[in-house]
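Structure below is coords_26.txt: compact mmCIF, C-alpha atoms.
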```txt
# COMPACT_ATOMS: atom_id res chain seq x y z
CA MET A 1 -39.47 37.84 11.73
CA GLY A 2 -37.87 35.10 9.65
CA SER A 3 -37.17 34.90 5.97
CA ALA A 4 -39.19 32.63 3.73
CA VAL A 5 -37.71 29.23 2.96
CA PRO A 6 -37.22 28.88 -0.79
CA SER A 7 -39.00 26.04 -2.54
CA ARG A 8 -37.11 22.98 -3.95
CA ALA A 9 -37.61 24.32 -7.47
CA ALA A 10 -36.18 27.69 -6.48
CA ARG A 11 -33.20 26.08 -4.79
CA ALA A 12 -32.61 23.86 -7.80
CA GLU A 13 -32.64 26.87 -10.11
CA ALA A 14 -29.26 27.97 -8.71
CA PRO A 15 -27.28 25.08 -10.19
CA PHE A 16 -29.12 25.40 -13.49
CA ALA A 17 -28.17 29.08 -13.66
CA ALA A 18 -24.55 28.22 -12.91
CA LEU A 19 -24.76 25.36 -15.41
CA ARG A 20 -26.07 27.68 -18.12
CA ARG A 21 -23.22 30.09 -17.49
CA LEU A 22 -20.69 27.24 -17.65
CA LEU A 23 -22.10 25.80 -20.87
CA ALA A 24 -22.31 29.25 -22.44
CA ALA A 25 -18.66 29.91 -21.62
CA LEU A 26 -17.64 26.52 -22.96
CA GLY A 27 -19.66 27.12 -26.10
CA LEU A 28 -17.88 30.42 -26.77
CA LEU A 29 -14.51 28.80 -26.18
CA LEU A 30 -15.37 25.97 -28.54
CA LEU A 31 -16.42 28.42 -31.24
CA GLY A 32 -13.24 30.41 -30.76
CA ALA A 33 -11.07 27.33 -30.78
CA GLY A 34 -11.51 26.81 -34.49
CA ASP A 35 -11.24 23.64 -36.52
CA CYS A 36 -7.68 22.94 -35.39
CA GLU A 37 -8.70 22.63 -31.74
CA LEU A 38 -11.68 20.43 -32.49
CA HIS A 39 -9.63 17.94 -34.42
CA THR A 40 -7.16 17.21 -31.60
CA SER A 41 -7.39 14.11 -29.41
CA CYS A 42 -8.78 16.10 -26.46
CA GLY A 43 -12.17 14.63 -25.61
CA ILE A 44 -13.59 17.51 -23.57
CA GLN A 45 -16.35 18.19 -26.09
CA LYS A 46 -17.70 14.66 -25.67
CA CYS A 47 -17.45 14.98 -21.87
CA THR A 48 -19.56 18.13 -22.01
CA THR A 49 -22.05 16.62 -24.45
CA ASP A 50 -22.50 13.57 -22.21
CA PHE A 51 -23.01 15.80 -19.18
CA VAL A 52 -25.75 17.75 -20.98
CA SER A 53 -27.48 14.48 -21.91
CA PHE A 54 -27.30 13.29 -18.29
CA THR A 55 -28.89 16.49 -16.92
CA SER A 56 -31.24 17.73 -19.63
CA HIS A 57 -34.10 15.46 -18.49
CA LEU A 58 -33.76 16.18 -14.76
CA ASN A 59 -36.75 17.69 -13.00
CA ALA A 60 -35.81 20.07 -10.18
CA ALA A 61 -39.08 19.41 -8.40
CA LEU A 62 -38.39 15.70 -7.91
CA ASP A 63 -36.83 14.27 -4.75
CA ASP A 64 -33.99 12.52 -6.60
CA PHE A 65 -32.79 15.69 -8.33
CA ASP A 66 -29.77 16.30 -6.07
CA LEU A 67 -28.66 12.66 -6.28
CA GLU A 68 -28.85 12.51 -10.09
CA PHE A 69 -27.26 15.93 -10.56
CA CYS A 70 -24.29 14.96 -8.39
CA LYS A 71 -23.94 11.64 -10.25
CA ALA A 72 -23.78 13.57 -13.52
CA LEU A 73 -21.18 15.96 -12.12
CA ARG A 74 -19.01 13.08 -10.91
CA ALA A 75 -19.24 11.43 -14.33
CA TYR A 76 -18.22 14.76 -15.91
CA SER A 77 -15.29 14.98 -13.49
CA VAL A 78 -14.16 11.41 -14.25
CA CYS A 79 -14.32 12.11 -17.97
CA THR A 80 -12.17 15.24 -17.64
CA TYR A 81 -9.67 13.33 -15.48
CA ARG A 82 -9.28 10.68 -18.17
CA ASN A 83 -8.55 13.43 -20.67
CA SER A 84 -6.19 15.43 -18.45
CA LYS A 85 -3.06 14.37 -20.29
CA VAL A 86 -4.22 14.97 -23.87
CA CYS A 87 -6.14 18.15 -22.94
CA ARG A 88 -3.26 19.85 -21.18
CA GLY A 89 -3.21 23.54 -22.18
CA ASN A 90 -6.73 23.41 -23.66
CA LEU A 91 -8.76 26.40 -22.44
CA VAL A 92 -12.09 24.59 -22.84
CA TYR A 93 -10.85 21.72 -20.73
CA HIS A 94 -9.51 23.94 -17.92
CA SER A 95 -12.71 26.01 -17.88
CA ALA A 96 -14.76 22.83 -17.56
CA VAL A 97 -12.64 21.58 -14.66
CA LEU A 98 -13.11 24.87 -12.78
CA GLY A 99 -16.85 24.89 -13.51
CA ILE A 100 -17.30 21.34 -12.28
CA GLY A 101 -15.54 22.16 -9.04
CA ASP A 102 -17.78 25.19 -8.46
CA LEU A 103 -20.97 23.22 -9.13
CA MET A 104 -19.94 20.34 -6.86
CA THR A 105 -19.22 22.81 -4.05
CA GLN A 106 -22.57 24.56 -4.54
CA ARG A 107 -24.52 21.30 -4.45
CA ASN A 108 -22.43 19.68 -1.66
CA CYS A 109 -21.60 16.77 -3.96
CA THR A 110 -19.08 14.30 -2.62
CA LYS A 111 -16.06 13.48 -4.76
CA ASN A 112 -16.57 9.73 -4.37
CA GLY A 113 -19.83 8.07 -5.23
CA PRO A 114 -21.94 6.70 -8.08
CA THR A 115 -21.71 8.28 -11.52
CA SER A 116 -24.05 8.59 -14.47
CA SER A 117 -23.21 6.53 -17.52
CA THR A 118 -24.61 5.87 -20.96
CA ASN A 119 -23.75 2.21 -20.37
CA SER A 120 -22.89 1.56 -16.75
CA GLU A 121 -22.19 -2.15 -17.27
CA MET A 122 -19.66 -1.50 -20.02
CA THR A 123 -17.97 1.25 -18.00
CA HIS A 124 -17.64 -1.01 -15.00
CA ASP A 125 -16.32 -3.95 -17.00
CA LEU A 126 -13.83 -1.99 -19.10
CA CYS A 127 -11.22 -1.91 -16.33
CA ASN A 128 -12.01 -5.30 -14.81
CA TYR A 129 -10.65 -8.22 -16.84
CA SER A 130 -12.81 -10.74 -15.01
CA GLY A 131 -15.85 -8.85 -16.28
CA HIS A 132 -14.82 -8.92 -19.94
CA THR A 133 -16.22 -12.42 -20.39
CA GLU A 134 -19.55 -11.34 -18.90
CA VAL A 135 -19.75 -8.44 -21.33
CA ARG A 136 -19.05 -10.72 -24.31
CA GLU A 137 -21.79 -13.07 -23.11
CA ARG A 138 -24.32 -10.22 -22.85
CA GLN A 139 -23.40 -8.94 -26.28
CA GLY A 140 -23.18 -12.27 -28.12
CA GLY A 141 -25.77 -14.25 -26.23
CA GLU A 142 -23.44 -17.24 -25.92
CA LYS A 143 -21.55 -18.41 -22.87
CA THR A 144 -17.78 -18.20 -23.18
CA PRO A 145 -15.41 -20.35 -21.12
CA PRO A 146 -13.70 -18.66 -18.14
CA PRO A 147 -10.27 -17.20 -18.89
CA THR A 148 -7.22 -19.42 -18.54
CA TYR A 149 -4.50 -18.04 -16.27
CA LEU A 150 -0.79 -18.84 -16.44
CA PHE A 151 1.96 -18.60 -13.82
CA CYS A 152 5.65 -17.70 -14.04
CA GLY A 153 8.18 -17.47 -11.21
CA LEU A 154 11.87 -16.67 -10.79
CA PHE A 155 13.92 -17.17 -7.62
CA GLY A 156 17.26 -18.30 -6.26
CA ASP A 157 20.24 -19.19 -8.39
CA PRO A 158 18.14 -18.46 -10.58
CA HIS A 159 15.41 -21.05 -11.00
CA LEU A 160 12.69 -20.34 -13.56
CA ARG A 161 9.19 -21.77 -13.72
CA THR A 162 7.78 -20.87 -17.14
CA PHE A 163 4.19 -20.22 -18.19
CA LYS A 164 4.24 -23.80 -19.52
CA ASP A 165 5.16 -25.19 -16.07
CA HIS A 166 8.65 -26.12 -17.25
CA PHE A 167 11.29 -25.78 -14.55
CA GLN A 168 14.77 -24.61 -15.47
CA THR A 169 17.97 -23.51 -13.75
CA CYS A 170 19.91 -20.94 -15.76
CA LYS A 171 22.96 -18.68 -15.76
CA VAL A 172 21.45 -15.66 -17.61
CA GLU A 173 23.88 -13.11 -16.23
CA GLY A 174 22.98 -9.50 -17.06
CA ALA A 175 19.61 -8.11 -18.22
CA TRP A 176 17.01 -10.52 -19.64
CA PRO A 177 13.33 -10.12 -20.60
CA LEU A 178 10.92 -12.36 -18.72
CA ILE A 179 7.77 -11.00 -20.37
CA ASP A 180 7.30 -8.68 -23.34
CA ASN A 181 3.80 -8.43 -24.80
CA LYS A 182 1.21 -5.84 -25.75
CA TYR A 183 0.22 -5.19 -22.14
CA LEU A 184 3.23 -5.86 -19.94
CA SER A 185 7.03 -5.96 -20.00
CA VAL A 186 9.17 -7.47 -17.24
CA GLN A 187 12.97 -7.45 -17.26
CA VAL A 188 15.37 -8.84 -14.66
CA THR A 189 19.07 -8.29 -14.10
CA ASN A 190 21.15 -11.11 -12.63
CA VAL A 191 24.59 -10.76 -11.07
CA PRO A 192 27.24 -13.31 -9.96
CA VAL A 193 26.76 -14.73 -6.48
CA VAL A 194 29.92 -16.76 -5.89
CA PRO A 195 33.18 -15.28 -7.21
CA GLY A 196 34.66 -17.30 -10.03
CA SER A 197 31.50 -19.30 -10.78
CA SER A 198 28.49 -19.02 -13.08
CA ALA A 199 26.04 -18.85 -10.18
CA THR A 200 23.85 -15.73 -10.48
CA ALA A 201 20.83 -14.24 -8.73
CA THR A 202 18.45 -11.35 -9.39
CA ASN A 203 19.26 -7.89 -8.02
CA LYS A 204 17.01 -5.74 -10.22
CA ILE A 205 13.47 -6.05 -11.60
CA THR A 206 11.75 -3.59 -13.95
CA VAL A 207 8.01 -3.92 -14.67
CA ILE A 208 6.29 -1.77 -17.32
CA PHE A 209 2.48 -1.71 -17.39
CA LYS A 210 1.62 -0.30 -20.79
CA SER A 211 -1.09 2.30 -21.37
CA TYR A 212 -4.51 0.67 -21.71
CA GLN A 213 -7.64 2.50 -22.88
CA ASP A 214 -9.08 4.66 -20.08
CA CYS A 215 -7.84 2.34 -17.33
CA THR A 216 -4.26 3.56 -16.92
CA ASP A 217 -1.43 5.50 -18.47
CA GLN A 218 1.91 3.69 -18.76
CA LYS A 219 3.36 2.93 -15.35
CA VAL A 220 6.90 1.78 -14.58
CA TYR A 221 7.93 -0.06 -11.41
CA GLN A 222 11.57 -0.71 -10.54
CA ALA A 223 13.01 -2.70 -7.64
CA MET A 224 16.67 -3.15 -6.74
CA THR A 225 18.52 -4.80 -3.88
CA ASP A 226 17.74 -2.82 -0.69
CA ASP A 227 15.29 -0.63 -2.63
CA LEU A 228 11.86 -2.26 -2.92
CA PRO A 229 9.53 0.76 -3.14
CA ALA A 230 5.78 0.73 -2.60
CA ALA A 231 5.22 3.11 -5.52
CA PHE A 232 5.87 3.46 -9.23
CA VAL A 233 8.82 5.51 -10.44
CA ASP A 234 6.54 8.57 -10.81
CA GLY A 235 5.67 8.39 -7.09
CA THR A 236 2.09 7.17 -7.55
CA THR A 237 0.66 3.99 -6.05
CA SER A 238 -2.19 3.42 -8.50
CA GLY A 239 -3.23 4.05 -12.07
CA GLY A 240 -6.44 5.19 -13.76
CA ASP A 241 -9.56 6.20 -11.86
CA GLU A 242 -8.90 5.97 -8.13
CA ASN A 243 -12.56 5.07 -7.53
CA THR A 244 -12.41 1.81 -9.48
CA ARG A 245 -9.07 0.56 -8.05
CA SER A 246 -8.34 -1.23 -11.30
CA PHE A 247 -4.57 -0.96 -10.78
CA TYR A 248 -2.66 -0.50 -7.52
CA ILE A 249 0.35 -1.48 -5.38
CA VAL A 250 0.12 -3.01 -1.91
CA GLU A 251 3.10 -3.10 0.45
CA LYS A 252 2.90 -6.31 2.48
CA VAL A 253 6.23 -6.06 4.33
CA SER A 254 8.05 -2.73 4.28
CA GLY A 255 11.06 -2.88 1.99
CA LYS A 256 10.74 -6.68 1.61
CA TYR A 257 7.51 -7.65 -0.15
CA ILE A 258 5.09 -5.85 -2.47
CA GLU A 259 2.17 -6.89 -4.64
CA MET A 260 0.89 -5.23 -7.80
CA HIS A 261 -2.71 -5.86 -8.83
CA ALA A 262 -3.66 -4.88 -12.39
CA ARG A 263 -7.34 -5.86 -12.49
CA TYR A 264 -7.84 -4.32 -15.92
CA ILE A 265 -5.61 -7.05 -17.42
CA GLY A 266 -6.29 -9.70 -14.77
CA THR A 267 -2.64 -9.72 -13.72
CA THR A 268 -0.98 -10.02 -10.30
CA VAL A 269 2.74 -9.56 -9.59
CA TYR A 270 4.59 -10.42 -6.37
CA ILE A 271 8.13 -9.14 -5.74
CA ARG A 272 10.16 -10.03 -2.64
CA GLN A 273 13.65 -9.37 -1.32
CA LEU A 274 15.28 -12.20 0.60
CA GLY A 275 18.84 -11.55 1.67
CA HIS A 276 20.56 -9.58 -1.07
CA TYR A 277 18.43 -10.84 -3.95
CA LEU A 278 14.93 -10.53 -5.42
CA THR A 279 12.25 -13.03 -6.39
CA LEU A 280 9.29 -12.58 -8.72
CA ALA A 281 5.98 -14.37 -9.27
CA ILE A 282 3.27 -13.43 -11.76
CA ARG A 283 -0.15 -14.63 -12.86
CA MET A 284 -1.56 -13.43 -16.19
CA PRO A 285 -4.38 -14.49 -18.56
CA GLN A 286 -3.19 -16.74 -21.36
CA GLU A 287 -4.76 -14.66 -24.14
CA LEU A 288 -2.80 -11.61 -22.96
CA VAL A 289 0.43 -13.58 -22.51
CA MET A 290 0.20 -14.59 -26.17
CA ALA A 291 -0.48 -11.05 -27.43
CA PHE A 292 3.01 -10.24 -28.72
CA GLU A 293 4.77 -9.52 -32.00
CA GLU A 294 7.14 -11.93 -33.72
CA SER A 295 10.08 -9.72 -32.75
CA GLN A 296 9.18 -10.16 -29.04
CA ASP A 297 9.88 -13.90 -28.91
CA LEU A 298 12.78 -13.66 -26.41
CA GLN A 299 10.71 -14.07 -23.26
CA LEU A 300 12.07 -16.36 -20.57
CA CYS A 301 8.66 -16.84 -18.95
CA LEU A 302 7.22 -17.98 -22.26
CA ASN A 303 10.01 -19.90 -23.98
CA GLY A 304 12.51 -20.55 -21.19
CA CYS A 305 16.23 -19.83 -21.16
CA PRO A 306 18.33 -20.29 -24.30
CA SER A 307 20.03 -23.69 -24.33
CA SER A 308 23.45 -22.05 -23.98
CA GLU A 309 22.29 -20.52 -20.66
CA ARG A 310 20.85 -23.71 -19.17
CA ILE A 311 22.48 -25.48 -16.23
CA ASP A 312 19.77 -28.13 -15.78
CA GLN A 313 18.91 -30.89 -18.24
CA SER A 314 15.56 -31.23 -20.02
CA GLY A 315 13.79 -28.74 -17.80
CA TYR A 316 14.63 -30.36 -14.47
CA LEU A 317 17.67 -30.67 -12.26
CA PRO A 318 19.36 -33.71 -13.89
CA LEU A 319 19.23 -37.28 -12.67
CA PRO A 320 21.89 -39.06 -14.79
CA VAL A 321 22.70 -42.72 -14.31
CA MET A 322 25.72 -43.07 -12.03
CA GLY A 323 27.50 -46.29 -11.10
CA LYS A 324 28.99 -44.99 -7.90
CA LEU A 325 29.05 -41.98 -5.62
CA HIS A 326 31.49 -39.29 -6.62
CA PRO A 327 34.02 -38.77 -3.78
CA TRP A 328 33.01 -35.11 -3.51
CA GLY A 329 29.38 -36.10 -2.92
CA ALA A 330 29.98 -36.97 0.71
CA ALA A 331 32.37 -34.16 1.48
CA SER A 332 31.71 -30.62 2.58
CA HIS A 333 31.42 -28.12 -0.23
CA PRO A 334 34.70 -26.13 -0.35
CA ARG A 335 32.87 -22.79 -0.39
CA SER A 336 29.41 -23.26 1.09
CA GLY A 337 30.22 -25.21 4.24
CA TYR A 338 27.23 -27.48 3.55
CA THR A 339 27.25 -31.19 2.83
CA LEU A 340 24.46 -32.99 1.01
CA GLU A 341 23.20 -34.25 4.35
CA THR A 342 23.23 -30.91 6.17
CA ALA A 343 21.73 -29.05 3.17
CA THR A 344 18.96 -31.65 2.92
CA THR A 345 18.21 -31.38 6.63
CA LYS A 346 18.17 -27.59 6.47
CA CYS A 347 15.77 -27.44 3.52
CA HIS A 348 13.51 -30.05 5.10
CA GLU A 349 12.89 -27.63 7.97
CA LYS A 350 10.87 -25.42 5.61
CA MET A 351 9.71 -27.78 2.86
CA LEU A 352 8.32 -31.19 3.75
CA VAL A 353 7.52 -32.26 0.19
CA LYS A 354 10.60 -33.27 -1.80
CA ASP A 355 9.60 -31.53 -5.00
CA ILE A 356 11.74 -29.41 -7.31
CA TYR A 357 11.54 -26.45 -4.92
CA PHE A 358 13.04 -28.59 -2.17
CA TYR A 359 15.84 -29.78 -4.46
CA SER A 360 16.44 -26.24 -5.67
CA CYS A 361 16.91 -25.24 -2.04
CA VAL A 362 19.51 -27.98 -1.60
CA PHE A 363 21.22 -26.99 -4.84
CA ASP A 364 21.43 -23.33 -3.80
CA LEU A 365 22.73 -24.07 -0.31
CA LEU A 366 25.47 -26.28 -1.74
CA THR A 367 26.35 -23.63 -4.31
CA THR A 368 26.24 -20.49 -2.17
CA GLY A 369 26.07 -21.45 1.50
CA ASP A 370 23.54 -18.58 1.94
CA ASP A 371 20.51 -19.56 4.04
CA ASN A 372 18.47 -16.79 2.39
CA PHE A 373 18.26 -19.01 -0.69
CA MET A 374 16.34 -21.52 1.41
CA ALA A 375 13.89 -18.75 2.34
CA ALA A 376 13.65 -17.80 -1.34
CA ALA A 377 12.72 -21.35 -2.37
CA HIS A 378 10.13 -21.57 0.40
CA SER A 379 8.60 -18.20 -0.53
CA ALA A 380 8.57 -19.18 -4.21
CA LEU A 381 6.49 -22.23 -3.36
CA GLN A 382 4.14 -20.07 -1.27
CA ASP A 383 3.70 -17.77 -4.27
CA VAL A 384 2.86 -20.75 -6.46
CA GLU A 385 0.18 -21.79 -3.98
CA ALA A 386 -1.23 -18.24 -3.99
CA LEU A 387 -1.13 -17.55 -7.73
CA HIS A 388 -0.95 -20.78 -9.73
CA PRO A 389 -4.45 -21.62 -11.02
CA SER A 390 -4.10 -25.43 -10.85
CA LYS A 391 -3.54 -26.93 -7.40
CA GLU A 392 -2.68 -30.32 -8.90
CA ASN A 393 0.28 -28.70 -10.68
CA TRP A 394 1.75 -26.80 -7.74
CA HIS A 395 4.44 -29.40 -7.11
CA ILE A 396 6.88 -30.54 -9.79
CA PHE A 397 8.87 -33.68 -9.05
CA PRO A 398 12.24 -34.64 -10.57
CA ARG A 399 12.00 -37.42 -13.10
CA SER A 400 13.70 -40.70 -12.27
CA GLY A 401 15.40 -42.99 -14.76
CA ASP A 402 14.52 -46.53 -15.83
CA ASN A 403 17.46 -48.30 -14.28
CA GLY A 404 15.94 -48.81 -10.87
CA VAL A 405 18.08 -46.22 -9.08
CA GLY A 406 16.08 -44.57 -6.29
CA ARG A 407 14.90 -41.01 -6.94
CA ASP A 408 16.54 -39.39 -3.92
CA SER A 409 19.88 -41.22 -4.08
CA LYS A 410 20.27 -40.62 -7.80
CA PHE A 411 19.29 -36.99 -7.46
CA PHE A 412 21.88 -36.27 -4.80
CA VAL A 413 24.67 -37.99 -6.74
CA SER A 414 23.96 -35.81 -9.78
CA LEU A 415 23.27 -32.75 -7.62
CA GLY A 416 26.73 -32.94 -6.09
CA LEU A 417 28.34 -33.11 -9.53
CA LEU A 418 26.11 -30.34 -10.85
CA CYS A 419 26.97 -27.95 -8.01
CA LEU A 420 30.68 -28.68 -8.39
CA ILE A 421 30.52 -27.98 -12.13
CA HIS A 422 28.42 -24.86 -11.50
CA VAL A 423 30.87 -23.36 -9.01
CA LEU A 424 34.00 -24.24 -10.99
CA TYR A 425 32.44 -23.45 -14.38
CA LEU A 426 34.90 -21.99 -16.87
```

Serialized structure, structure tokens:
Amino acid sequence: MGSAVPSRAARAEAPFAALRRLLAALGLLLLGAGDCELHTSCGIQKCTTDFVSFTSHLNAALDDFDLEFCKALRAYSVCTYRNSKVCRGNLVYHSAVLGIGDLMTQRNCTKNGPTSSTNSEMTHDLCNYSGHTEVRERQGGEKTPPPTYLFCGLFGDPHLRTFKDHFQTCKVEGAWPLIDNKYLSVQVTNVPVVPGSSATATNKITVIFKSYQDCTDQKVYQAMTDDLPAAFVDGTTSGGDENTRSFYIVEKVSGKYIEMHARYIGTTVYIRQLGHYLTLAIRMPQELVMAFEESQDLQLCLNGCPSSERIDQSGYLPLPVMGKLHPWGAASHPRSGYTLETATTKCHEKMLVKDIYFYSCVFDLLTTGDDNFMAAAHSALQDVEALHPSKENWHIFPRSGDNGVGRDSKFFVSLGLLCLIHVLYL
């Protein structure tokens, strides 16, 4: 009346028969490929060899056969994916991809799930920078200190916080490199804000994540005013193996705020648009920041702005000794419409601590009259609090002189002069 139900061993024989056909076909293709094919960078032969080693010991009569066979197939699939670029046009590679798909369909294997590995810990840690230290400890037997992270930020007119926690205000009109090392390149383009002055702000940011082992191919991200995409220039939103999520973009506010998380190099990048201009914040491990060639020394995040491009003095907005208030100090700025008092009140609405971010807000309002610069300073401080590794260093305060002049009064005297010089700069 009914047909006999096949045994587990009989059911398991089907994938082995298909596997034998696949391996036989791959073997013939490998033999026919000749020495030239075998000496290319395509790693399909190793993928196939690893798959054979994962499955050769499996016993079809055991309960865990299906689980282990699917894990091996997923590992085979991941390996072929990692070789997709270098194996393009390789007949062995394309035959393997087709065979893997057939076997996964036959065995009802899911695409996502655990994979077999010759060293699962190393595979997991390869694309997770925070795990690199753990791997070194297992291999060397000695504890290594946790990685040191550095922070760099750029916002406003433009104000730069370097990896060394130096704060500068610069002109830097045109294209300038913020970061340029073995793993990452970041370039910004600054354009004039107020006609006839040296005030500039950022309207374009280009970020290049360089190819890194099996974790990702090179990815380029580009943002411009009114064009803050949630994808790389090739249309993708992640790099490497989608299962590990070692590198991806998150859109926080559509067209206004994105984050890029590159776990394989322990790096996080925030980019925002406020008004017509962009801001950037980045956290990166110190050992990777310092991985650059001698010819790559022009990096604003690392070494700051060239002295000829500096508007501030000694890394901070200046606090020179002044005997009396400059007449312009109490008057409305001819272009911005703000006075020192109204700019101070406005910035105090968002920032209660009178640190360098607060004073940068006042400086930008006096220079431009654009309230979006206040939002930029506030967001820049929020990014510091999110990404800077040392809470005690979040706030930077202007240095006061030794002549007994109060910090705030002396700052505003010099700030008024600085803004006037900045706007009328020749």

Of the residues A:Asn393, A:Ser95, A:Gln222, A:Thr55, which is the one nearest to Asp355 in chain A, using only C-alpha atoms?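 Between A:Asn393, A:Ser95, A:Gln222, A:Thr55, the residue approaching Asp355 in chain A most closely is A:Asn393.
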
Point out the residue among A:Gly174, A:Pro285, A:Gly43, A:Gly101 with the least atom-to-atom distance to Cys87 in chain A, counting only C-alpha atoms. A:Gly43

Between A:Ile100, A:Leu387, A:Gln299, A:Leu228, which has the minimum distance to Pro177 in chain A (counting all atoms listed in the file)?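 Looking at the shortest contact to Pro177 in chain A, the residue is A:Gln299.
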
Dump as CSV the rows for residues of range 160-272 of chain A within 6 Å of range 280-284 of chain A: closest atom pair and distance in Å with one decimal, all atoms listed in the file counted, ordered by chain and rising residue number.
```
residue,atom,partner,partner_atom,distance
A:Thr267,CA,A:Met284,CA,4.6
A:Thr268,CA,A:Arg283,CA,5.3
A:Val269,CA,A:Ile282,CA,4.5
A:Tyr270,CA,A:Ala281,CA,5.1
A:Ile271,CA,A:Leu280,CA,4.7
```

Which residue is closest to Gly156 in chain A? Choose from A:Tyr81, A:Phe373, A:Phe65, A:Trp176 and count only C-alpha atoms. A:Phe373

Identify, on the basis of only C-alpha atoms, every residue whose closest approach to Val194 in chain A does not exceed 8 Å; exclude the query and any residue fewer than 2 positions from it along the same chain; express the result as number ranges by chain. A: 192, 196-200, 367-368, 423

Please provide as a PyMOL selection string all residues within 8 Å of Cys47 in chain A, with the sequence filter that same-chain residues fewer than 2 positions apart are discarded (counting all atoms listed in the file). chain A and resi 43-45+49-51+76+79-80

If we count all atoms listed in the file and set the cut-off at 7 Å, which residues sit around Ala223 in chain A, ignoring sequence neighbours fewer than 4 positions away in its own chain? Please answer as a list of chain:residue names.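 Counting all atoms listed in the file, the residues come to A:Lys204, A:Ile205, A:Thr206, A:Asp227, A:Leu228, A:Pro229.
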
Do you know which residues are at most 12 Å from Phe151 in chain A counting all atoms listed in the file, after dropping those on the same chain fewer than 2 positions away, and could you put them as a ChimeraX atom specification? /A:148-149,153-154,160-167,178-179,267-270,280-286,289,301-302,380-381,383-391,393-394
